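File shown: target-v4.cif. Contents: mmCIF, C-alpha atoms (C1' of nucleotides).
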data_target
loop_
_atom_site.group_PDB
_atom_site.id
_atom_site.type_symbol
_atom_site.label_atom_id
_atom_site.label_comp_id
_atom_site.auth_asym_id
_atom_site.auth_seq_id
_atom_site.Cartn_x
_atom_site.Cartn_y
_atom_site.Cartn_z
ATOM 1 C CA MET D 1 -5.136 44.796 -78.412
ATOM 2 C CA THR D 2 -7.005 42.802 -80.948
ATOM 3 C CA SER D 3 -7.085 39.889 -78.552
ATOM 4 C CA LYS D 4 -7.013 37.686 -81.606
ATOM 5 C CA SER D 5 -4.343 35.063 -81.524
ATOM 6 C CA ASN D 6 -3.793 36.084 -85.112
ATOM 7 C CA THR D 7 -1.624 33.070 -85.613
ATOM 8 C CA ILE D 8 -2.565 31.144 -88.691
ATOM 9 C CA GLY D 9 -1.320 27.596 -88.548
ATOM 10 C CA GLU D 10 0.347 25.791 -91.415
ATOM 11 C CA ALA D 11 -2.725 23.804 -92.284
ATOM 12 C CA GLU D 12 -5.016 26.749 -91.876
ATOM 13 C CA LEU D 13 -2.746 28.702 -94.170
ATOM 14 C CA GLU D 14 -3.461 26.238 -96.946
ATOM 15 C CA ILE D 15 -7.074 27.232 -96.700
ATOM 16 C CA MET D 16 -6.177 30.887 -96.838
ATOM 17 C CA LYS D 17 -4.128 30.262 -99.946
ATOM 18 C CA VAL D 18 -7.092 28.706 -101.654
ATOM 19 C CA LEU D 19 -9.152 31.764 -100.846
ATOM 20 C CA TRP D 20 -6.445 34.134 -101.980
ATOM 21 C CA ARG D 21 -6.032 32.259 -105.230
ATOM 22 C CA ALA D 22 -9.747 32.218 -105.822
ATOM 23 C CA GLY D 23 -9.924 35.976 -105.586
ATOM 24 C CA LYS D 24 -13.621 35.882 -104.873
ATOM 25 C CA PRO D 25 -15.854 34.457 -102.194
ATOM 26 C CA VAL D 26 -16.092 30.720 -102.561
ATOM 27 C CA ASN D 27 -18.083 28.075 -100.794
ATOM 28 C CA THR D 28 -17.083 25.028 -98.842
ATOM 29 C CA GLN D 29 -17.427 22.735 -101.777
ATOM 30 C CA TYR D 30 -14.964 24.784 -103.764
ATOM 31 C CA ILE D 31 -12.524 24.746 -100.899
ATOM 32 C CA ASN D 32 -12.926 21.052 -100.377
ATOM 33 C CA GLU D 33 -12.092 20.396 -103.978
ATOM 34 C CA ALA D 34 -9.198 22.801 -103.946
ATOM 35 C CA VAL D 35 -7.495 21.024 -101.066
ATOM 36 C CA GLU D 36 -8.448 17.553 -102.100
ATOM 37 C CA GLU D 37 -4.835 16.472 -102.475
ATOM 38 C CA LYS D 38 -4.227 17.158 -98.803
ATOM 39 C CA GLY D 39 -6.403 14.210 -97.933
ATOM 40 C CA TRP D 40 -8.203 16.058 -95.177
ATOM 41 C CA LYS D 41 -11.575 14.893 -93.974
ATOM 42 C CA ARG D 42 -14.483 17.210 -94.504
ATOM 43 C CA THR D 43 -14.823 17.949 -90.856
ATOM 44 C CA THR D 44 -11.164 18.810 -90.605
ATOM 45 C CA ILE D 45 -11.546 21.449 -93.266
ATOM 46 C CA SER D 46 -14.650 22.628 -91.532
ATOM 47 C CA THR D 47 -12.733 23.051 -88.311
ATOM 48 C CA PHE D 48 -10.114 25.099 -90.073
ATOM 49 C CA LEU D 49 -12.763 27.336 -91.575
ATOM 50 C CA THR D 50 -14.482 27.840 -88.260
ATOM 51 C CA ARG D 51 -11.246 28.698 -86.539
ATOM 52 C CA LEU D 52 -10.165 31.072 -89.277
ATOM 53 C CA VAL D 53 -13.450 32.894 -88.979
ATOM 54 C CA GLN D 54 -13.025 33.029 -85.205
ATOM 55 C CA LYS D 55 -9.561 34.437 -85.660
ATOM 56 C CA GLY D 56 -10.846 37.143 -87.916
ATOM 57 C CA ALA D 57 -8.939 35.860 -90.914
ATOM 58 C CA LEU D 58 -12.034 35.023 -92.893
ATOM 59 C CA SER D 59 -15.581 36.195 -93.046
ATOM 60 C CA CYS D 60 -18.367 33.917 -94.074
ATOM 61 C CA GLU D 61 -21.743 34.695 -95.438
ATOM 62 C CA LYS D 62 -24.608 32.470 -96.296
ATOM 63 C CA GLN D 63 -25.612 32.834 -99.895
ATOM 64 C CA GLY D 64 -28.259 30.503 -101.070
ATOM 65 C CA LYS D 65 -27.644 27.187 -99.441
ATOM 66 C CA SER D 66 -23.985 27.284 -98.636
ATOM 67 C CA TYR D 67 -21.541 29.567 -96.908
ATOM 68 C CA TYR D 68 -19.192 31.704 -98.885
ATOM 69 C CA TYR D 69 -15.859 32.647 -97.403
ATOM 70 C CA THR D 70 -13.835 35.766 -97.985
ATOM 71 C CA PRO D 71 -10.361 36.536 -96.657
ATOM 72 C CA LEU D 72 -10.208 39.444 -94.255
ATOM 73 C CA ILE D 73 -6.445 39.324 -94.342
ATOM 74 C CA SER D 74 -4.959 39.818 -97.757
ATOM 75 C CA GLN D 75 -2.146 37.718 -99.025
ATOM 76 C CA SER D 76 0.188 40.675 -99.227
ATOM 77 C CA GLU D 77 -0.621 41.744 -95.709
ATOM 78 C CA TYR D 78 0.128 38.280 -94.515
ATOM 79 C CA ARG D 79 3.306 38.029 -96.558
ATOM 80 C CA MET D 80 4.459 41.334 -95.222
ATOM 81 C CA SER D 81 3.779 40.510 -91.653
ATOM 82 C CA GLN D 82 5.523 37.181 -91.906
ATOM 83 C CA THR D 83 8.520 38.604 -93.691
ATOM 84 C CA LYS D 84 8.829 41.376 -91.172
ATOM 85 C CA HIS D 85 8.545 38.903 -88.388
ATOM 86 C CA LEU D 86 11.298 36.803 -89.873
ATOM 87 C CA ILE D 87 13.621 39.748 -90.266
ATOM 88 C CA LYS D 88 12.847 40.930 -86.792
ATOM 89 C CA SER D 89 13.215 37.639 -85.072
ATOM 90 C CA LEU D 90 16.183 36.244 -86.934
ATOM 91 C CA TYR D 91 18.101 39.212 -88.230
ATOM 92 C CA ASN D 92 17.805 41.641 -85.352
ATOM 93 C CA GLY D 93 15.372 43.550 -87.468
ATOM 94 C CA SER D 94 18.106 44.488 -89.868
ATOM 95 C CA VAL D 95 17.151 44.283 -93.487
ATOM 96 C CA LYS D 96 20.772 44.626 -94.343
ATOM 97 C CA GLU D 97 21.759 41.583 -92.357
ATOM 98 C CA PHE D 98 18.927 39.804 -94.001
ATOM 99 C CA ALA D 99 20.063 40.721 -97.490
ATOM 100 C CA VAL D 100 23.656 39.889 -96.794
ATOM 101 C CA SER D 101 22.551 36.563 -95.536
ATOM 102 C CA LEU D 102 20.594 35.874 -98.692
ATOM 103 C CA PHE D 103 23.928 36.082 -100.475
ATOM 104 C CA GLU D 104 26.484 34.736 -98.139
ATOM 105 C CA GLU D 105 24.700 31.724 -96.899
ATOM 106 C CA GLU D 106 23.552 29.318 -99.511
ATOM 107 C CA THR D 107 19.969 30.181 -98.920
ATOM 108 C CA LEU D 108 19.489 30.927 -102.568
ATOM 109 C CA SER D 109 20.870 29.422 -105.696
ATOM 110 C CA ALA D 110 23.121 31.434 -107.981
ATOM 111 C CA GLY D 111 20.213 31.645 -110.371
ATOM 112 C CA ASP D 112 17.995 33.023 -107.666
ATOM 113 C CA ILE D 113 20.535 35.651 -106.867
ATOM 114 C CA ARG D 114 21.025 36.689 -110.457
ATOM 115 C CA GLU D 115 17.304 37.057 -110.662
ATOM 116 C CA LEU D 116 17.196 39.157 -107.527
ATOM 117 C CA LYS D 117 20.022 41.304 -108.716
ATOM 118 C CA ALA D 118 18.263 41.959 -111.982
ATOM 119 C CA ILE D 119 15.075 42.905 -110.254
ATOM 120 C CA PHE D 120 16.776 45.243 -107.847
ATOM 121 C CA GLU D 121 18.771 46.916 -110.543
ATOM 122 C CA ASP D 122 15.730 47.541 -112.658
ATOM 123 C CA LYS D 123 13.930 49.098 -109.796
ATOM 124 C CA GLU D 124 14.037 52.809 -109.325
ATOM 125 C CA VAL D 125 13.815 53.720 -105.706
ATOM 126 C CA MET R 1 11.343 10.018 -90.568
ATOM 127 C CA THR R 2 13.544 12.085 -88.373
ATOM 128 C CA SER R 3 10.939 11.962 -85.642
ATOM 129 C CA LYS R 4 12.362 15.284 -84.528
ATOM 130 C CA SER R 5 9.730 17.940 -84.416
ATOM 131 C CA ASN R 6 12.552 20.259 -85.402
ATOM 132 C CA THR R 7 10.364 23.178 -84.614
ATOM 133 C CA ILE R 8 12.045 25.671 -82.383
ATOM 134 C CA GLY R 9 9.505 27.826 -80.621
ATOM 135 C CA GLU R 10 9.739 31.566 -80.209
ATOM 136 C CA ALA R 11 10.846 31.370 -76.617
ATOM 137 C CA GLU R 12 13.205 28.518 -77.275
ATOM 138 C CA LEU R 13 14.692 30.554 -80.073
ATOM 139 C CA GLU R 14 15.704 33.208 -77.584
ATOM 140 C CA ILE R 15 17.815 30.595 -75.878
ATOM 141 C CA MET R 16 19.365 29.587 -79.164
ATOM 142 C CA LYS R 17 20.212 33.201 -79.858
ATOM 143 C CA VAL R 18 22.052 33.447 -76.582
ATOM 144 C CA LEU R 19 24.077 30.397 -77.496
ATOM 145 C CA TRP R 20 24.779 31.676 -80.971
ATOM 146 C CA ARG R 21 25.881 35.016 -79.628
ATOM 147 C CA ALA R 22 28.078 33.384 -77.039
ATOM 148 C CA GLY R 23 29.976 31.497 -79.689
ATOM 149 C CA LYS R 24 31.230 28.968 -77.175
ATOM 150 C CA PRO R 25 29.706 26.447 -74.835
ATOM 151 C CA VAL R 26 28.151 28.196 -71.897
ATOM 152 C CA ASN R 27 26.512 26.993 -68.765
ATOM 153 C CA THR R 28 23.093 27.503 -67.339
ATOM 154 C CA GLN R 29 24.120 30.383 -65.188
ATOM 155 C CA TYR R 30 25.366 32.267 -68.200
ATOM 156 C CA ILE R 31 22.147 31.617 -70.037
ATOM 157 C CA ASN R 32 20.044 32.628 -67.084
ATOM 158 C CA GLU R 33 21.831 35.930 -66.879
ATOM 159 C CA ALA R 34 21.642 36.472 -70.601
ATOM 160 C CA VAL R 35 17.881 36.162 -70.688
ATOM 161 C CA GLU R 36 17.260 37.879 -67.414
ATOM 162 C CA GLU R 37 15.198 40.616 -69.031
ATOM 163 C CA LYS R 38 12.689 38.057 -70.229
ATOM 164 C CA GLY R 39 11.612 37.499 -66.676
ATOM 165 C CA TRP R 40 11.470 33.749 -67.040
ATOM 166 C CA LYS R 41 11.656 31.540 -63.999
ATOM 167 C CA ARG R 42 14.696 29.390 -63.632
ATOM 168 C CA THR R 43 12.748 26.226 -64.255
ATOM 169 C CA THR R 44 11.218 27.667 -67.385
ATOM 170 C CA ILE R 45 14.622 28.188 -68.877
ATOM 171 C CA SER R 46 15.521 24.714 -67.751
ATOM 172 C CA THR R 47 12.567 23.303 -69.618
ATOM 173 C CA PHE R 48 13.574 25.130 -72.767
ATOM 174 C CA LEU R 49 17.083 23.741 -72.509
ATOM 175 C CA THR R 50 15.865 20.222 -71.973
ATOM 176 C CA ARG R 51 13.532 20.437 -74.914
ATOM 177 C CA LEU R 52 16.131 21.941 -77.179
ATOM 178 C CA VAL R 53 18.471 19.101 -76.338
ATOM 179 C CA GLN R 54 15.689 16.601 -76.997
ATOM 180 C CA LYS R 55 15.017 18.247 -80.319
ATOM 181 C CA GLY R 56 18.624 17.945 -81.284
ATOM 182 C CA ALA R 57 19.128 21.684 -81.408
ATOM 183 C CA LEU R 58 21.616 21.722 -78.556
ATOM 184 C CA SER R 59 24.063 19.340 -77.025
ATOM 185 C CA CYS R 60 24.952 19.509 -73.394
ATOM 186 C CA GLU R 61 27.932 18.240 -71.553
ATOM 187 C CA LYS R 62 28.680 18.191 -67.877
ATOM 188 C CA GLN R 63 31.851 20.009 -67.108
ATOM 189 C CA GLY R 64 32.656 20.327 -63.480
ATOM 190 C CA LYS R 65 29.429 20.937 -61.685
ATOM 191 C CA SER R 66 27.290 22.464 -64.352
ATOM 192 C CA TYR R 67 26.166 21.644 -67.835
ATOM 193 C CA TYR R 68 27.560 23.418 -70.819
ATOM 194 C CA TYR R 69 25.408 23.823 -73.875
ATOM 195 C CA THR R 70 26.455 24.005 -77.497
ATOM 196 C CA PRO R 71 24.215 24.672 -80.495
ATOM 197 C CA LEU R 72 23.969 21.788 -82.916
ATOM 198 C CA ILE R 73 22.143 23.983 -85.367
ATOM 199 C CA SER R 74 24.046 27.028 -86.474
ATOM 200 C CA GLN R 75 22.449 30.394 -86.735
ATOM 201 C CA SER R 76 22.972 30.520 -90.466
ATOM 202 C CA GLU R 77 21.519 27.076 -90.952
ATOM 203 C CA TYR R 78 18.509 28.126 -89.017
ATOM 204 C CA ARG R 79 18.189 31.411 -90.832
ATOM 205 C CA MET R 80 18.438 29.638 -94.127
ATOM 206 C CA SER R 81 15.904 27.037 -93.290
ATOM 207 C CA GLN R 82 13.444 29.601 -92.038
ATOM 208 C CA THR R 83 13.919 31.875 -95.001
ATOM 209 C CA LYS R 84 13.501 28.990 -97.385
ATOM 210 C CA HIS R 85 10.441 27.893 -95.557
ATOM 211 C CA LEU R 86 8.958 31.348 -95.829
ATOM 212 C CA ILE R 87 9.627 31.567 -99.530
ATOM 213 C CA LYS R 88 8.282 28.102 -100.073
ATOM 214 C CA SER R 89 5.170 28.485 -98.031
ATOM 215 C CA LEU R 90 4.209 32.026 -98.915
ATOM 216 C CA TYR R 91 5.709 32.695 -102.316
ATOM 217 C CA ASN R 92 5.174 29.386 -104.063
ATOM 218 C CA GLY R 93 8.868 28.830 -103.674
ATOM 219 C CA SER R 94 9.604 31.606 -106.083
ATOM 220 C CA VAL R 95 12.447 33.850 -105.058
ATOM 221 C CA LYS R 96 11.370 36.221 -107.743
ATOM 222 C CA GLU R 97 7.907 36.605 -106.312
ATOM 223 C CA PHE R 98 9.535 37.103 -102.983
ATOM 224 C CA ALA R 99 11.784 39.861 -104.206
ATOM 225 C CA VAL R 100 9.055 41.590 -106.099
ATOM 226 C CA SER R 101 6.997 41.525 -102.990
ATOM 227 C CA LEU R 102 9.775 43.081 -100.947
ATOM 228 C CA PHE R 103 9.408 46.055 -103.263
ATOM 229 C CA GLU R 104 5.821 46.311 -104.173
ATOM 230 C CA GLU R 105 4.275 45.755 -100.838
ATOM 231 C CA GLU R 106 5.335 48.069 -98.130
ATOM 232 C CA THR R 107 7.218 45.358 -96.361
ATOM 233 C CA LEU R 108 10.334 47.443 -96.352
ATOM 234 C CA SER R 109 10.937 51.111 -95.998
ATOM 235 C CA ALA R 110 12.427 53.126 -98.850
ATOM 236 C CA GLY R 111 15.633 53.246 -96.848
ATOM 237 C CA ASP R 112 15.647 49.496 -96.510
ATOM 238 C CA ILE R 113 15.232 49.136 -100.218
ATOM 239 C CA ARG R 114 17.987 51.578 -101.079
ATOM 240 C CA GLU R 115 20.193 49.600 -98.781
ATOM 241 C CA LEU R 116 19.239 46.349 -100.431
ATOM 242 C CA LYS R 117 19.757 47.796 -103.852
ATOM 243 C CA ALA R 118 23.213 48.948 -102.909
ATOM 244 C CA ILE R 119 24.130 45.580 -101.544
ATOM 245 C CA PHE R 120 22.894 43.738 -104.542
ATOM 246 C CA GLU R 121 24.610 46.043 -106.964
ATOM 247 C CA ASP R 122 27.920 45.687 -105.217
ATOM 248 C CA LYS R 123 27.744 41.987 -105.321
ATOM 249 C CA GLU R 124 29.332 40.110 -108.152
ATOM 250 C CA VAL R 125 27.452 36.953 -108.887
ATOM 251 C "C1'" DA V 1 -44.516 13.964 -95.706
ATOM 252 C "C1'" DA V 2 -40.850 10.565 -95.242
ATOM 253 C "C1'" DT V 3 -36.462 9.279 -96.544
ATOM 254 C "C1'" DT V 4 -32.020 10.016 -98.119
ATOM 255 C "C1'" DA V 5 -28.036 12.795 -99.107
ATOM 256 C "C1'" DT V 6 -25.225 16.562 -97.650
ATOM 257 C "C1'" DA V 7 -23.427 20.155 -94.823
ATOM 258 C "C1'" DT V 8 -22.349 22.278 -90.201
ATOM 259 C "C1'" DT V 9 -21.693 22.090 -85.337
ATOM 260 C "C1'" DC V 10 -20.085 19.942 -81.240
ATOM 261 C "C1'" DT V 11 -17.021 17.338 -78.876
ATOM 262 C "C1'" DA V 12 -12.686 15.019 -78.409
ATOM 263 C "C1'" DC V 13 -8.018 13.913 -78.382
ATOM 264 C "C1'" DA V 14 -2.899 14.068 -79.053
ATOM 265 C "C1'" DT V 15 0.979 16.999 -79.473
ATOM 266 C "C1'" DC V 16 3.523 21.218 -79.040
ATOM 267 C "C1'" DC V 17 4.787 25.180 -76.646
ATOM 268 C "C1'" DG V 18 5.020 28.610 -72.872
ATOM 269 C "C1'" DT V 19 5.187 28.623 -68.214
ATOM 270 C "C1'" DA V 20 6.287 27.030 -63.721
ATOM 271 C "C1'" DG V 21 5.949 24.280 -59.093
ATOM 272 C "C1'" DT V 22 8.015 20.582 -56.456
ATOM 273 C "C1'" DC V 23 11.390 17.327 -55.134
ATOM 274 C "C1'" DG V 24 15.668 15.356 -54.563
ATOM 275 C "C1'" DT V 25 20.453 15.843 -54.636
ATOM 276 C "C1'" DA V 26 24.735 18.051 -54.635
ATOM 277 C "C1'" DT V 27 27.268 21.983 -52.967
ATOM 278 C "C1'" DA V 28 28.461 25.683 -49.914
ATOM 279 C "C1'" DA V 29 28.238 28.116 -45.674
ATOM 280 C "C1'" DT V 30 27.820 28.066 -40.619
ATOM 281 C "C1'" DA W 1 27.040 17.781 -38.771
ATOM 282 C "C1'" DT W 2 23.413 20.926 -39.956
ATOM 283 C "C1'" DT W 3 21.384 24.234 -42.615
ATOM 284 C "C1'" DA W 4 20.844 27.066 -46.461
ATOM 285 C "C1'" DT W 5 21.619 27.113 -51.665
ATOM 286 C "C1'" DA W 6 21.750 26.070 -56.289
ATOM 287 C "C1'" DC W 7 20.666 23.096 -59.935
ATOM 288 C "C1'" DG W 8 18.643 19.566 -62.604
ATOM 289 C "C1'" DA W 9 14.617 16.020 -63.113
ATOM 290 C "C1'" DC W 10 9.915 15.204 -63.124
ATOM 291 C "C1'" DT W 11 5.261 16.650 -63.292
ATOM 292 C "C1'" DA W 12 1.615 19.758 -64.581
ATOM 293 C "C1'" DC W 13 -1.417 22.760 -66.896
ATOM 294 C "C1'" DG W 14 -3.639 25.853 -70.272
ATOM 295 C "C1'" DG W 15 -3.993 27.328 -74.941
ATOM 296 C "C1'" DA W 16 -3.071 26.412 -79.937
ATOM 297 C "C1'" DT W 17 -3.166 23.400 -83.667
ATOM 298 C "C1'" DG W 18 -3.911 19.200 -86.500
ATOM 299 C "C1'" DT W 19 -7.081 15.809 -86.952
ATOM 300 C "C1'" DA W 20 -11.548 13.740 -87.023
ATOM 301 C "C1'" DG W 21 -15.916 11.077 -85.206
ATOM 302 C "C1'" DA W 22 -20.686 11.799 -83.814
ATOM 303 C "C1'" DA W 23 -24.706 14.292 -83.808
ATOM 304 C "C1'" DT W 24 -27.587 17.427 -85.777
ATOM 305 C "C1'" DA W 25 -29.526 20.481 -89.198
ATOM 306 C "C1'" DT W 26 -30.603 21.435 -93.888
ATOM 307 C "C1'" DA W 27 -31.703 20.357 -98.512
ATOM 308 C "C1'" DA W 28 -32.964 17.129 -102.182
ATOM 309 C "C1'" DT W 29 -35.638 13.327 -103.780
ATOM 310 C "C1'" DT W 30 -39.184 9.969 -103.962
#
For the file at hand, write its structure as structure tokens.
Amino acid sequence: MTSKSNTIGEAELEIMKVLWRAGKPVNTQYINEAVEEKGWKRTTISTFLTRLVQKGALSCEKQGKSYYYTPLISQSEYRMSQTKHLIKSLYNGSVKEFAVSLFEEETLSAGDIRELKAIFEDKEV
Amino acid sequence: MTSKSNTIGEAELEIMKVLWRAGKPVNTQYINEAVEEKGWKRTTISTFLTRLVQKGALSCEKQGKSYYYTPLISQSEYRMSQTKHLIKSLYNGSVKEFAVSLFEEETLSAGDIRELKAIFEDKEV
DNA sequence: AATTATATTCTACATCCGTAGTCGTATAAT
DNA sequence: ATTATACGACTACGGATGTAGAATATAATT
């Protein structure tokens, strides 16, 4: 048991996305600027960072004067885990049900589906 | 503002699933039996039901002595909304990115992918 | 060094969710 | 009529999360 809650909240996720996009360790200032449009106070962002570090989602390291943050969970790992969780919790773990649903329900637009179809057909498995 | 939190929790979702599976209004007793393996106390289930009604996810109606519950959100609606949310929040809203990721990352097994491929190829869009 | 600007920590609070105890009432059994 | 049951309402509580003020530490500037 990792004992980590491992749950990244919606707001916290926005921070992770900044880090993933950056692709390199960045400092608080960078993050602050990157999420400026969210209208969060500095201390709010700070709280998120602290909690993410506590959760083991980020590591931070002091370089020079400020802290630099690095994701310990990669975007693809996170995507995977969330997608799996969705399929498990809503589709009885059946990928097939999931796929069928992508079609049958209007989850996706016709364009989306054409796109998907193309991708799948191209792919050699 | 809908003022509804609209967020159905993990445990609450289990109740919804029972209702969806039932396909008809069922009473508390039925629900209690259906989720017996969860080991929840009676009052816990009661709380979930109350909250789900408050959230507008269920309606309840007294018939005879007990309440009968009916989902106000269908399983497919819920599946859709969750899937969309996932794609939006993790894949920049791009279905393409999502699909690519289903392949590239090891989200799905080779078998899963073959299955998907088959489904998509069969489908006329 | 003293002052000012800036960053980080600590503390706080409301809400949501999982979980459940208690109480009152309605129903059934004795 | 009394007692045992079953069920729904109300209350509670801890942890997670979103949000941020206050206090403190650190760095920059005069």
Open item on the list: Could you tell me which residues of chain W sit within 9 Å of chain D when counting only C-alpha atoms (C1' of nucleotides), and give me the result as a PyMOL selection string?
Closed with: chain W and resi 16-21+26-27
Task: Interface residues on chain D facing chain V, 9 Å, only C-alpha atoms (C1' of nucleotides), written as an NGL selection string - done: :D and (28 or 43 or 46 or 66)
- [ ] Pick out the chain D residues within 10 Å of chain R. Count all atoms listed in the file. Give them as a PyMOL selection string.
- [x] chain D and resi 10+13-14+17+75-84+86-87+89-91+94-125
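Note that atom CA of Lys88 of chain D and atom CA of Lys55 of chain R are 23.7 Å apart.
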Hey, can I get the axis-aligned box for segment 27-30 of chain V? All listed atoms, 5 Å padding on each side, centre and edge lengths in Å to one decimal, as lines of an AutoDock Vina configuration file.
center_x = 27.9
center_y = 25.0
center_z = -46.8
size_x = 11.2
size_y = 16.1
size_z = 22.3
Least-squares align chain D to chain R using all Cα atoms paired by position, then dump the moved coordinates as a short mmCIF file (atom, residue, chain, number, x, y, z; two decimals) with C-alpha atoms, in the frame of the given file.
data_model
loop_
_atom_site.label_atom_id
_atom_site.label_comp_id
_atom_site.auth_asym_id
_atom_site.auth_seq_id
_atom_site.Cartn_x
_atom_site.Cartn_y
_atom_site.Cartn_z
CA MET D 1 13.12 10.77 -91.25
CA THR D 2 14.78 12.45 -88.36
CA SER D 3 11.65 11.97 -86.32
CA LYS D 4 12.59 15.17 -84.56
CA SER D 5 9.85 17.71 -84.45
CA ASN D 6 12.60 20.13 -85.34
CA THR D 7 10.31 22.99 -84.57
CA ILE D 8 11.93 25.53 -82.33
CA GLY D 9 9.37 27.66 -80.58
CA GLU D 10 9.60 31.41 -80.20
CA ALA D 11 10.70 31.24 -76.61
CA GLU D 12 13.08 28.41 -77.25
CA LEU D 13 14.56 30.42 -80.07
CA GLU D 14 15.57 33.10 -77.60
CA ILE D 15 17.71 30.53 -75.90
CA MET D 16 19.26 29.50 -79.18
CA LYS D 17 20.08 33.11 -79.91
CA VAL D 18 21.93 33.41 -76.66
CA LEU D 19 23.98 30.37 -77.56
CA TRP D 20 24.65 31.61 -81.06
CA ARG D 21 25.74 34.98 -79.76
CA ALA D 22 27.98 33.40 -77.17
CA GLY D 23 29.85 31.49 -79.82
CA LYS D 24 31.14 29.01 -77.30
CA PRO D 25 29.64 26.51 -74.91
CA VAL D 26 28.08 28.29 -71.98
CA ASN D 27 26.47 27.10 -68.81
CA THR D 28 23.03 27.59 -67.37
CA GLN D 29 24.06 30.51 -65.28
CA TYR D 30 25.28 32.37 -68.32
CA ILE D 31 22.05 31.66 -70.12
CA ASN D 32 19.98 32.70 -67.18
CA GLU D 33 21.73 36.01 -67.03
CA ALA D 34 21.51 36.50 -70.76
CA VAL D 35 17.74 36.15 -70.79
CA GLU D 36 17.14 37.90 -67.53
CA GLU D 37 15.04 40.61 -69.16
CA LYS D 38 12.54 38.01 -70.31
CA GLY D 39 11.49 37.50 -66.73
CA TRP D 40 11.42 33.74 -67.04
CA LYS D 41 11.65 31.56 -63.98
CA ARG D 42 14.67 29.34 -63.68
CA THR D 43 12.68 26.22 -64.22
CA THR D 44 11.13 27.65 -67.34
CA ILE D 45 14.55 28.19 -68.85
CA SER D 46 15.49 24.74 -67.72
CA THR D 47 12.52 23.29 -69.53
CA PHE D 48 13.50 25.08 -72.70
CA LEU D 49 17.02 23.73 -72.45
CA THR D 50 15.83 20.20 -71.86
CA ARG D 51 13.47 20.35 -74.79
CA LEU D 52 16.07 21.85 -77.09
CA VAL D 53 18.44 19.05 -76.22
CA GLN D 54 15.67 16.52 -76.85
CA LYS D 55 15.00 18.11 -80.20
CA GLY D 56 18.61 17.84 -81.17
CA ALA D 57 19.08 21.58 -81.33
CA LEU D 58 21.56 21.68 -78.50
CA SER D 59 24.04 19.35 -76.94
CA CYS D 60 24.96 19.57 -73.32
CA GLU D 61 27.99 18.37 -71.52
CA LYS D 62 28.85 18.41 -67.90
CA GLN D 63 32.05 20.28 -67.26
CA GLY D 64 32.97 20.71 -63.68
CA LYS D 65 29.81 21.33 -61.77
CA SER D 66 27.49 22.70 -64.37
CA TYR D 67 26.25 21.79 -67.81
CA TYR D 68 27.57 23.54 -70.84
CA TYR D 69 25.37 23.88 -73.88
CA THR D 70 26.39 24.02 -77.50
CA PRO D 71 24.14 24.62 -80.50
CA LEU D 72 23.90 21.70 -82.89
CA ILE D 73 22.03 23.86 -85.34
CA SER D 74 23.92 26.89 -86.50
CA GLN D 75 22.32 30.25 -86.78
CA SER D 76 22.83 30.36 -90.52
CA GLU D 77 21.34 26.94 -90.97
CA TYR D 78 18.34 28.01 -89.02
CA ARG D 79 18.06 31.31 -90.86
CA MET D 80 18.27 29.53 -94.14
CA SER D 81 15.69 26.97 -93.30
CA GLN D 82 13.28 29.56 -92.03
CA THR D 83 13.77 31.84 -94.99
CA LYS D 84 13.30 28.99 -97.39
CA HIS D 85 10.22 27.93 -95.56
CA LEU D 86 8.80 31.41 -95.79
CA ILE D 87 9.44 31.66 -99.50
CA LYS D 88 8.02 28.23 -100.06
CA SER D 89 4.94 28.65 -98.00
CA LEU D 90 4.04 32.21 -98.87
CA TYR D 91 5.52 32.87 -102.26
CA ASN D 92 4.93 29.58 -104.03
CA GLY D 93 8.60 28.94 -103.65
CA SER D 94 9.40 31.72 -106.03
CA VAL D 95 12.28 33.88 -105.01
CA LYS D 96 11.26 36.31 -107.66
CA GLU D 97 7.81 36.77 -106.22
CA PHE D 98 9.44 37.19 -102.89
CA ALA D 99 11.78 39.89 -104.12
CA VAL D 100 9.08 41.71 -105.98
CA SER D 101 7.03 41.68 -102.87
CA LEU D 102 9.84 43.18 -100.85
CA PHE D 103 9.53 46.17 -103.14
CA GLU D 104 5.94 46.48 -104.03
CA GLU D 105 4.40 45.95 -100.70
CA GLU D 106 5.54 48.25 -97.99
CA THR D 107 7.36 45.50 -96.23
CA LEU D 108 10.52 47.52 -96.23
CA SER D 109 11.23 51.17 -95.86
CA ALA D 110 12.75 53.14 -98.72
CA GLY D 111 15.97 53.18 -96.75
CA ASP D 112 15.90 49.44 -96.43
CA ILE D 113 15.44 49.09 -100.13
CA ARG D 114 18.24 51.46 -100.99
CA GLU D 115 20.42 49.43 -98.73
CA LEU D 116 19.38 46.20 -100.40
CA LYS D 117 19.92 47.64 -103.81
CA ALA D 118 23.40 48.74 -102.89
CA ILE D 119 24.27 45.35 -101.54
CA PHE D 120 22.97 43.53 -104.55
CA GLU D 121 24.72 45.80 -106.96
CA ASP D 122 28.03 45.39 -105.23
CA LYS D 123 27.73 41.68 -105.33
CA GLU D 124 29.28 39.77 -108.15
CA VAL D 125 27.34 36.66 -108.90
#
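What separates atom CA of Ile73 of chain D from atom CA of Val18 of chain D is a distance of 12.9 Å.
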